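J.: Starting off with a structure, shown below.
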Amino acid sequence: MDMTAKPSRQIFIKFLLLCCLLVGYFGYLSYEYDIATGGAAALITWSFFVLCTPVADAGFLLDFPLRLLFGIRMVVSEIAVWLVAFGLNAALMLYGPGYYKTTVLTELLHTILTNPFPYWGIIMLSGLGTFLSIRFGDELMDVIRHRDRAFFHSHHFKHELVLFAFFLLVLFIYYRTISAIGMDAVMK
C-alpha cells in the first residue's frame with residue numbers, strides 16, 4: 001500500500017465534509033428565508049470567519065488542499081480568499097445591505113464593517129494572525145518535504161519560535177480587543 005496516498009485522501013474527505021457543512025448551512029438558510037438570501041447569508045458568514053478570526057479557518061478550506069494537491073503556497077491562496085471576502089462584502093454593502101440582517105454573525109460583520117473605529121482593528125489583527133498562521137503552515141509543509149531537515153532545524157528553528165510567539169501575541173491582543181469593545185458577549 002502506498003503511504004503517500006493516504007494523507008491526500010484524508011484531506012480530500014475532510015474537504016468534502018467541510019463543503020457538505022457549508023452546503024447544509026446554505027440549505028438551512030435557504031429554507032428559513034429564500035435561496036438568494038440563504039446564499040448571501042452563507043457567503044457573509046464565510047467572509048466573517050475569513051475577516052474576523054485570527055486563524056485561517058474559512059480560508060483553510062481552500063489553502064491546505066490546494067497546497068497538498070497542486071503545490072500552491074497557502075499564503076498565495078489566502079490572499080485570494082481575503083480579496084474575495086472583501087469584494088463580496090463591498091458588493092453586498094452596495095447592492096444588498098439587507099442580507100446582513102439575517103443572522104447574529106451577519107449583523108456583527110455589518111457592525112464591524114460600518115464602524116471603522118475600533119472595529120477595523122479586529123480585521124487588522126485577524127489578518128495579521130491569519131497570515132502568521134499560514135506562513136507557519138507553509139514553512140511547516142516545507143520542512144516536511146525538505147530533504148535535509150537537520151540543516152533546516154539548526155538554522156531556522158529560532159525564526160519559527162519568534163514567529164509562533166508573535167502569533168500568540170496577536171491572539172492575545174485580539175481577544176483583549178474583542179473583550180474591550182464588548183464583542184465577546186455577542187460571540188458567546
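The way I read the labels, and the way they are meant: chains A, B, ... in the order of the C-alpha cells, residue 1 as the first residue of every chain, and ligand 1 as the first ligand shown, with later ones counted on from there.
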Please, which residues in range 96-135 of chain A fall within 12 Å of range 160-173 of chain A when counting only C-alpha atoms, and what is the closest atom pair and distance in Å to one decimal for each, ordered by chain then residue number, as CSV?

T.:
residue,atom,partner,partner_atom,distance
A:Gly121,CA,A:Ile173,CA,10.2
A:Ile122,CA,A:Ile173,CA,9.5
A:Ile123,CA,A:Val170,CA,11.9
A:Met124,CA,A:Val170,CA,10.1
A:Leu125,CA,A:Val170,CA,6.5
A:Ser126,CA,A:Val170,CA,8.3
A:Gly127,CA,A:Val170,CA,9.9
A:Leu128,CA,A:Val170,CA,7.3
A:Gly129,CA,A:Phe167,CA,5.8
A:Thr130,CA,A:Phe167,CA,8.7
A:Phe131,CA,A:Phe167,CA,9.2
A:Leu132,CA,A:Phe167,CA,6.1
A:Ser133,CA,A:Phe167,CA,6.9
A:Ile134,CA,A:Phe167,CA,10.5
A:Arg135,CA,A:Leu163,CA,8.8

J.: Counting only C-alpha atoms, give me one row per residue of range 66-117 of chain A with an atom at most 8 Å from an atom of range 23-41 of chain A, showing the shortest contact pair and its distance in Å to one decimal, sorted by chain then residue number, as CSV.

T.:
residue,atom,partner,partner_atom,distance
A:Tyr99,CA,A:Ala41,CA,6.1
A:Tyr100,CA,A:Ala41,CA,7.0
A:Thr102,CA,A:Ala41,CA,6.6
A:Thr103,CA,A:Ala41,CA,7.6
A:Thr106,CA,A:Ala41,CA,6.8

J.: Only all heavy atoms, please: the residues just picked out, written as a CSV table (one decimal), in the first residue's frame.

T.:
chain,number,residue,atom,x,y,z
A,99,TYR,N,-29.2,41.8,3.4
A,99,TYR,CA,-28.7,40.5,3.7
A,99,TYR,C,-28.0,40.4,5.0
A,99,TYR,O,-27.9,39.3,5.6
A,99,TYR,CB,-27.8,40.0,2.6
A,99,TYR,CG,-28.5,39.7,1.3
A,99,TYR,CD1,-28.1,40.3,0.1
A,99,TYR,CD2,-29.7,39.0,1.2
A,99,TYR,CE1,-28.7,40.1,-1.1
A,99,TYR,CE2,-30.4,38.8,0.0
A,99,TYR,CZ,-29.9,39.3,-1.1
A,99,TYR,OH,-30.5,39.2,-2.3
A,100,TYR,N,-27.4,41.5,5.5
A,100,TYR,CA,-26.7,41.5,6.8
A,100,TYR,C,-27.6,41.3,8.0
A,100,TYR,O,-27.2,41.2,9.1
A,100,TYR,CB,-25.8,42.7,6.9
A,100,TYR,CG,-24.6,42.7,6.0
A,100,TYR,CD1,-24.7,43.2,4.7
A,100,TYR,CD2,-23.4,42.1,6.4
A,100,TYR,CE1,-23.6,43.2,3.9
A,100,TYR,CE2,-22.3,42.1,5.6
A,100,TYR,CZ,-22.4,42.6,4.3
A,100,TYR,OH,-21.3,42.6,3.5
A,102,THR,N,-29.7,38.9,8.6
A,102,THR,CA,-30.3,37.6,8.7
A,102,THR,C,-29.9,36.8,9.9
A,102,THR,O,-30.7,36.1,10.5
A,102,THR,CB,-29.9,36.7,7.4
A,102,THR,OG1,-28.5,36.8,7.3
A,102,THR,CG2,-30.6,37.3,6.2
A,103,THR,N,-28.6,36.8,10.3
A,103,THR,CA,-28.1,36.1,11.5
A,103,THR,C,-27.3,37.0,12.4
A,103,THR,O,-27.0,38.1,12.1
A,103,THR,CB,-27.2,34.9,11.1
A,103,THR,OG1,-26.0,35.4,10.5
A,103,THR,CG2,-27.9,34.0,10.0
A,106,THR,N,-24.0,37.7,10.7
A,106,THR,CA,-24.0,38.7,9.6
A,106,THR,C,-24.3,40.1,10.1
A,106,THR,O,-23.7,41.1,9.6
A,106,THR,CB,-25.1,38.3,8.6
A,106,THR,OG1,-26.4,38.2,9.2
A,106,THR,CG2,-24.8,37.0,7.9

J.: Using only C-alpha atoms, pick whichever of A:Ser47, A:Thr53, A:Thr111, A:Ser77 has the shortest atom-to-atom distance to Tyr174 in chain A.

T.: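 Of A:Ser47, A:Thr53, A:Thr111, A:Ser77, the one nearest Tyr174 in chain A is A:Thr53, counting only C-alpha atoms.
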
J.: What does the distance between CA of Phe48 in chain A and CA of Arg67 in chain A come to in Å, to one decimal place?

T.: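 Taking CA of Phe48 in chain A and CA of Arg67 in chain A, their separation equals 23.1 Å.
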
J.: Between CA of Asp63 in chain A and CA of Glu78 in chain A, what is the distance in Å, rounded to a tenth?

T.: 6.3 Å

J.: Figure out the distance between CA of Ala90 in chain A and CA of Val50 in chain A, please, to one decimal in Å.

T.: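 So the two atoms, CA of Val50 in chain A and CA of Ala90 in chain A, lie 14.4 Å apart.
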
J.: From a backbone DSSP assignment, name each residue in range 1-131 of chain A labelled alpha helix (DSSP H), as a PyMOL selection string.

T.: chain A and resi 5-32+35-51+60-70+74-95+104-114+116-131

J.: Between A:Leu92, A:Ile181, A:Ala85, A:Leu108, which one has atoms that come closest to Leu51 in chain A, using only C-alpha atoms?

T.: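 When distances to Leu51 in chain A are compared using only C-alpha atoms, the smallest one comes from A:Ala85.
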
J.: With only C-alpha atoms as the basis for distance, which of A:Leu22, A:Val81, A:Leu113, A:Val75 is at the shortest distance from Thr45 in chain A?

T.: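 Looking only at the distances to Thr45 in chain A, the closest residue turns out to be A:Leu22.
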